[in-house]
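Enquirer: Provided herewith is a single structure, encoded as structure tokens, for subsequent inquiry.
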Amino acid sequence: MVDEWVKDLIDEVLSLSRSLKEKLGRRIKIMEVCGTHTMVISKSGIRSLFSETVELISGPGCPVCVTDQMDIDKIILYAQMDNITLCTFGDMIKVPGSLSSLEKERAKGARIEVFYSPSDALNYAKDHPDEEIVFVGIGFETTIPLLAHCILEAKRQRLQNFSLFSLHKCLPPAMKALLDDPEISLDGLILPGHVCTITGSRAFEFIADDYRIPCCVSGFEPTDVIEAIGIILAHIKREEAKVEIGYKRLVKPEGNLTAKRAIYTVFEPSDARWRGFGEIPGSGLKIKEEYRDFDAEAKFPLPEVESVPERKGCICGDIVKGKKIPTDCSLFSKVCNPKEPFGPCMVSQEGACAAYYNYGG
Ligand code: SF4
């Protein structure tokens, strides 16, 4: 049974959205920038609850989905090297590269280990001194401090068989690239609670200041998301734009200074390729020169890898930019499903296609 206050909250936000739709003569377009929010929105039926008045679209919030096809191919090249044990998070195993996947390479005999935490991979390296461990660093600001900590620990312990392939990405530059795209038009943004725990809400204030788009940092309960929608709608109604923190229990304007210090001790900003976007200046993090011994790209240089387009028919690139939705894809649920994913948005637990497939739009 739904609590009375939840019913009141839904009624209040619905009524606000109806009056705004009437005023604007169209639905209000709000993007969520976090794969976990995408799942919550689909799973709890929030998308369909508001569908008449609010269009909720998914953005570049899933780190696996935004990893460029060329980088997937590079990960597979590492897995193919005889002397390397490739360590990764589970989501990467099924992601198709241009010619193979880690799953296929493992079936052919490649040494691939799956870990939930990078520190488990570090412990694995300690316990297997005869193996060269390459950890695939995929993730946003939420995950990066853990990897920074691993590199610092590996250096302190003088581990010689642990290195990182850093494909980390920072969300604020990607949001700028997204909002600079003339084909994208948004009325509001639900900002990622976990990322903002590290970056702080201030890192996203440029969205309100420069683009006049109201934002709310949201937690991960369905009611958190509905409240965030309500906060954004209220700002639209007042014709004001600011970044409000709806996830006050964890997020501060300045973020987590200790975690940020750890990140910038080990890494420095670099350009990075994003699926659907191409190269975004300053959106990646590379390992600093003084930690070069732990940089897989320096330790095990790869041959030139050509840039390749997405697999034919897959529109994941447009989905992570919010230009299309999963059901626009002609392969959705026919050729492409979570058991046999054709693109990363169907592989990842946080991918929009997987959310639509499992819970509906
Ligand atoms: S349904 Fe499959 S092929 Fe289509 S965009 Fe999603 S992941 Fe790519």
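Every chain in the structure tokens has a letter given in the order shown (A, B, ...), and although residue numbers restart at 1 in each chain, ligands are simply numbered from 1 in the order shown.
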Under the rule of at most 8 Å, produce a per-residue listing of chain A near ligand 1: chain, number, name, the closest pair of atoms, and the distance in Å, as JSON lines, using only C-alpha atoms and all ligand atoms.

Expert:
{"residue": "A:Arg311", "atom": "CA", "partner": "ligand 1", "partner_atom_place_in_ligand_line": "3 (S)", "distance": 7.8}
{"residue": "A:Gly313", "atom": "CA", "partner": "ligand 1", "partner_atom_place_in_ligand_line": "3 (S)", "distance": 6.2}
{"residue": "A:Cys314", "atom": "CA", "partner": "ligand 1", "partner_atom_place_in_ligand_line": "3 (S)", "distance": 3.7}
{"residue": "A:Ile315", "atom": "CA", "partner": "ligand 1", "partner_atom_place_in_ligand_line": "5 (S)", "distance": 4.1}
{"residue": "A:Cys316", "atom": "CA", "partner": "ligand 1", "partner_atom_place_in_ligand_line": "5 (S)", "distance": 4.1}
{"residue": "A:Gly317", "atom": "CA", "partner": "ligand 1", "partner_atom_place_in_ligand_line": "5 (S)", "distance": 7.7}
{"residue": "A:Ile319", "atom": "CA", "partner": "ligand 1", "partner_atom_place_in_ligand_line": "5 (S)", "distance": 6.8}
{"residue": "A:Pro326", "atom": "CA", "partner": "ligand 1", "partner_atom_place_in_ligand_line": "6 (Fe)", "distance": 5.4}
{"residue": "A:Thr327", "atom": "CA", "partner": "ligand 1", "partner_atom_place_in_ligand_line": "1 (S)", "distance": 7.2}
{"residue": "A:Asp328", "atom": "CA", "partner": "ligand 1", "partner_atom_place_in_ligand_line": "4 (Fe)", "distance": 7.9}
{"residue": "A:Cys329", "atom": "CA", "partner": "ligand 1", "partner_atom_place_in_ligand_line": "4 (Fe)", "distance": 4.6}
{"residue": "A:Ser330", "atom": "CA", "partner": "ligand 1", "partner_atom_place_in_ligand_line": "4 (Fe)", "distance": 6.6}
{"residue": "A:Leu331", "atom": "CA", "partner": "ligand 1", "partner_atom_place_in_ligand_line": "4 (Fe)", "distance": 5.0}
{"residue": "A:Phe332", "atom": "CA", "partner": "ligand 1", "partner_atom_place_in_ligand_line": "1 (S)", "distance": 3.7}
{"residue": "A:Ser333", "atom": "CA", "partner": "ligand 1", "partner_atom_place_in_ligand_line": "1 (S)", "distance": 6.6}
{"residue": "A:Val335", "atom": "CA", "partner": "ligand 1", "partner_atom_place_in_ligand_line": "2 (Fe)", "distance": 7.6}
{"residue": "A:Cys336", "atom": "CA", "partner": "ligand 1", "partner_atom_place_in_ligand_line": "2 (Fe)", "distance": 4.6}
{"residue": "A:Asn337", "atom": "CA", "partner": "ligand 1", "partner_atom_place_in_ligand_line": "2 (Fe)", "distance": 6.7}
{"residue": "A:Pro341", "atom": "CA", "partner": "ligand 1", "partner_atom_place_in_ligand_line": "2 (Fe)", "distance": 6.0}
{"residue": "A:Phe342", "atom": "CA", "partner": "ligand 1", "partner_atom_place_in_ligand_line": "3 (S)", "distance": 4.8}
{"residue": "A:Gly343", "atom": "CA", "partner": "ligand 1", "partner_atom_place_in_ligand_line": "7 (S)", "distance": 3.6}
{"residue": "A:Pro344", "atom": "CA", "partner": "ligand 1", "partner_atom_place_in_ligand_line": "7 (S)", "distance": 5.3}
{"residue": "A:Cys345", "atom": "CA", "partner": "ligand 1", "partner_atom_place_in_ligand_line": "7 (S)", "distance": 4.3}
{"residue": "A:Met346", "atom": "CA", "partner": "ligand 1", "partner_atom_place_in_ligand_line": "7 (S)", "distance": 4.2}
{"residue": "A:Val347", "atom": "CA", "partner": "ligand 1", "partner_atom_place_in_ligand_line": "7 (S)", "distance": 7.0}
{"residue": "A:Ala352", "atom": "CA", "partner": "ligand 1", "partner_atom_place_in_ligand_line": "6 (Fe)", "distance": 7.5}
{"residue": "A:Cys353", "atom": "CA", "partner": "ligand 1", "partner_atom_place_in_ligand_line": "6 (Fe)", "distance": 4.8}
{"residue": "A:Ala354", "atom": "CA", "partner": "ligand 1", "partner_atom_place_in_ligand_line": "6 (Fe)", "distance": 7.7}

Enquirer: Skipping near chain neighbours, those fewer than 5 positions away, what residues fall within 12 Å of Leu147 of chain A using only C-alpha atoms, listed as JSON, numbers by chain?

Expert: {"A": [117, 118, 119, 120, 121, 122, 135, 136, 137, 138, 139, 140, 141, 142, 152, 153, 154, 162, 163, 164, 165, 166, 167, 168, 259, 262, 263, 264, 265, 266, 267, 285, 286, 287, 294, 295]}

Enquirer: Counting only C-alpha atoms, which residue out of A:Pro145, A:Gly97, A:Gly45, A:Gly276 sits closest to Met70 of chain A?

Expert: A:Gly97

Enquirer: From a DSSP calculation on the backbone, collect every residue of segment 141-196 of chain A in helix (DSSP H, G or I) and output the set as number ranges by chain.

Expert: A: 144-156, 171-180, 193-196

Enquirer: Nearest to Asp180 of chain A among A:Lys321, A:His128, A:Arg292, A:Lys29, with distances taken over only C-alpha atoms: which residue is it?

Expert: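 Looking only at the distances to Asp180 of chain A, the closest residue turns out to be A:Lys321.
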
Enquirer: Near Gly361 of chain A, counting only C-alpha atoms, which residues have an atom at most 9 Å away, once you skip same-chain residues fewer than 2 positions from it, shown as a list in words?

Expert: Ile41, Ser42, Gly45, Arg47, Ser48, Ile325, Pro326, Thr327, Ala355, Tyr356, Tyr357 and Tyr359 of chain A

Enquirer: Looking at A:Glu290, A:Ser201, A:Lys237, A:Pro222, which one is nearest to Met39 of chain A, with distances taken over only C-alpha atoms?

Expert: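 Between A:Glu290, A:Ser201, A:Lys237, A:Pro222, the residue approaching Met39 of chain A most closely is A:Pro222.
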
Enquirer: Would you pick out the contacts of Ile245 of chain A at 12 Å or less, using only C-alpha atoms, so that residues sharing its chain but fewer than 4 positions from it are not included, and give the list as a PyMOL selection string?

Expert: chain A and resi 189-193+196-197+200-202+204-205+214-219+224-225+227-228+231-232+249-255

Enquirer: Quick one: write out the picked residues with N, CA and C atoms as an mmCIF file, in the first residue's frame?

Expert:
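In the end it all went to result_13.cif:
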data_model
loop_
_atom_site.group_PDB
_atom_site.id
_atom_site.type_symbol
_atom_site.label_atom_id
_atom_site.label_comp_id
_atom_site.auth_asym_id
_atom_site.auth_seq_id
_atom_site.Cartn_x
_atom_site.Cartn_y
_atom_site.Cartn_z
ATOM 1 N N LEU A 189 17.323 19.019 -15.478
ATOM 2 C CA LEU A 189 18.238 17.877 -15.358
ATOM 3 C C LEU A 189 18.194 17.297 -13.944
ATOM 4 N N ILE A 190 18.067 15.981 -13.869
ATOM 5 C CA ILE A 190 18.215 15.279 -12.592
ATOM 6 C C ILE A 190 19.681 14.861 -12.519
ATOM 7 N N LEU A 191 20.413 15.448 -11.581
ATOM 8 C CA LEU A 191 21.859 15.205 -11.517
ATOM 9 C C LEU A 191 22.171 13.951 -10.691
ATOM 10 N N PRO A 192 23.316 13.319 -11.007
ATOM 11 C CA PRO A 192 23.650 12.037 -10.379
ATOM 12 C C PRO A 192 24.127 12.184 -8.932
ATOM 13 N N GLY A 193 23.367 11.593 -8.016
ATOM 14 C CA GLY A 193 23.665 11.715 -6.577
ATOM 15 C C GLY A 193 25.042 11.188 -6.207
ATOM 16 N N CYS A 196 27.851 13.394 -7.575
ATOM 17 C CA CYS A 196 27.884 14.674 -6.860
ATOM 18 C C CYS A 196 28.396 14.523 -5.429
ATOM 19 N N THR A 197 28.285 13.318 -4.854
ATOM 20 C CA THR A 197 28.862 13.093 -3.527
ATOM 21 C C THR A 197 30.358 13.405 -3.572
ATOM 22 N N GLY A 200 30.661 17.305 -5.696
ATOM 23 C CA GLY A 200 29.898 18.413 -5.137
ATOM 24 C C GLY A 200 28.963 18.968 -6.195
ATOM 25 N N SER A 201 27.880 19.615 -5.738
ATOM 26 C CA SER A 201 26.904 20.150 -6.690
ATOM 27 C C SER A 201 27.474 21.349 -7.451
ATOM 28 N N ARG A 202 28.474 22.016 -6.836
ATOM 29 C CA ARG A 202 29.047 23.217 -7.460
ATOM 30 C C ARG A 202 29.629 22.926 -8.847
ATOM 31 N N PHE A 204 28.421 21.409 -11.135
ATOM 32 C CA PHE A 204 27.388 21.433 -12.178
ATOM 33 C C PHE A 204 26.661 22.779 -12.243
ATOM 34 N N GLU A 205 27.131 23.751 -11.458
ATOM 35 C CA GLU A 205 26.404 25.032 -11.413
ATOM 36 C C GLU A 205 26.434 25.774 -12.753
ATOM 37 N N PRO A 214 17.317 24.475 -14.916
ATOM 38 C CA PRO A 214 17.284 24.076 -13.509
ATOM 39 C C PRO A 214 17.680 22.609 -13.319
ATOM 40 N N CYS A 215 18.379 22.349 -12.223
ATOM 41 C CA CYS A 215 18.876 20.991 -11.957
ATOM 42 C C CYS A 215 18.563 20.614 -10.510
ATOM 43 N N CYS A 216 18.422 19.326 -10.274
ATOM 44 C CA CYS A 216 18.301 18.846 -8.897
ATOM 45 C C CYS A 216 19.138 17.583 -8.737
ATOM 46 N N VAL A 217 19.994 17.560 -7.718
ATOM 47 C CA VAL A 217 20.772 16.361 -7.399
ATOM 48 C C VAL A 217 19.837 15.429 -6.643
ATOM 49 N N SER A 218 19.665 14.229 -7.171
ATOM 50 C CA SER A 218 18.665 13.335 -6.570
ATOM 51 C C SER A 218 19.294 12.106 -5.928
ATOM 52 N N GLY A 219 18.622 11.613 -4.885
ATOM 53 C CA GLY A 219 18.944 10.302 -4.301
ATOM 54 C C GLY A 219 18.322 9.204 -5.149
ATOM 55 N N ASP A 224 12.680 10.001 -3.959
ATOM 56 C CA ASP A 224 13.733 11.016 -4.179
ATOM 57 C C ASP A 224 13.613 11.573 -5.597
ATOM 58 N N VAL A 225 13.412 10.656 -6.557
ATOM 59 C CA VAL A 225 13.361 11.075 -7.961
ATOM 60 C C VAL A 225 12.104 11.925 -8.217
ATOM 61 N N GLU A 227 10.510 13.708 -6.033
ATOM 62 C CA GLU A 227 10.749 15.016 -5.399
ATOM 63 C C GLU A 227 11.633 15.888 -6.288
ATOM 64 N N ALA A 228 12.667 15.254 -6.883
ATOM 65 C CA ALA A 228 13.585 16.012 -7.762
ATOM 66 C C ALA A 228 12.817 16.574 -8.962
ATOM 67 N N ILE A 231 10.927 19.546 -7.759
ATOM 68 C CA ILE A 231 11.794 20.712 -7.532
ATOM 69 C C ILE A 231 12.118 21.390 -8.870
ATOM 70 N N ILE A 232 12.440 20.569 -9.875
ATOM 71 C CA ILE A 232 12.770 21.126 -11.202
ATOM 72 C C ILE A 232 11.554 21.851 -11.790
ATOM 73 N N ARG A 249 21.389 14.204 2.367
ATOM 74 C CA ARG A 249 22.035 13.321 3.329
ATOM 75 C C ARG A 249 23.462 12.963 2.908
ATOM 76 N N LEU A 250 23.800 13.116 1.648
ATOM 77 C CA LEU A 250 25.159 12.758 1.213
ATOM 78 C C LEU A 250 25.898 13.833 0.416
ATOM 79 N N VAL A 251 25.172 14.737 -0.208
ATOM 80 C CA VAL A 251 25.840 15.663 -1.141
ATOM 81 C C VAL A 251 26.009 17.064 -0.536
ATOM 82 N N LYS A 252 27.226 17.589 -0.706
ATOM 83 C CA LYS A 252 27.493 18.969 -0.264
ATOM 84 C C LYS A 252 27.919 19.783 -1.497
ATOM 85 N N PRO A 253 27.770 21.090 -1.446
ATOM 86 C CA PRO A 253 28.174 21.883 -2.622
ATOM 87 C C PRO A 253 29.632 21.648 -3.009
ATOM 88 N N GLU A 254 30.509 21.506 -2.014
ATOM 89 C CA GLU A 254 31.944 21.362 -2.320
ATOM 90 C C GLU A 254 32.355 19.910 -2.567
ATOM 91 N N GLY A 255 31.502 18.952 -2.291
ATOM 92 C CA GLY A 255 31.822 17.539 -2.530
ATOM 93 C C GLY A 255 32.720 16.950 -1.451
#

Enquirer: Which residue gives the smallest distance to Arg158 of chain A among A:Ala177, A:Ala296, A:Ala125, A:Leu146, with only C-alpha atoms counted?

Expert: A:Ala125

Enquirer: Write out as number ranges by chain the residues lying within 12 Å of Ser98 of chain A, counting only C-alpha atoms and excluding same-chain residues fewer than 6 positions away.

Expert: A: 68-77, 305-312, 342-343

Enquirer: Could you check the closest approach to Pro172 of chain A for each of A:Thr258, A:Val33, A:Thr223, A:Leu186 and tell me which residue wins, using only C-alpha atoms?

Expert: A:Val33

Enquirer: What's the separation between atom CA of Phe50 of chain A and atom CA of Pro338 of chain A, in Å to one decimal place?

Expert: 26.4 Å
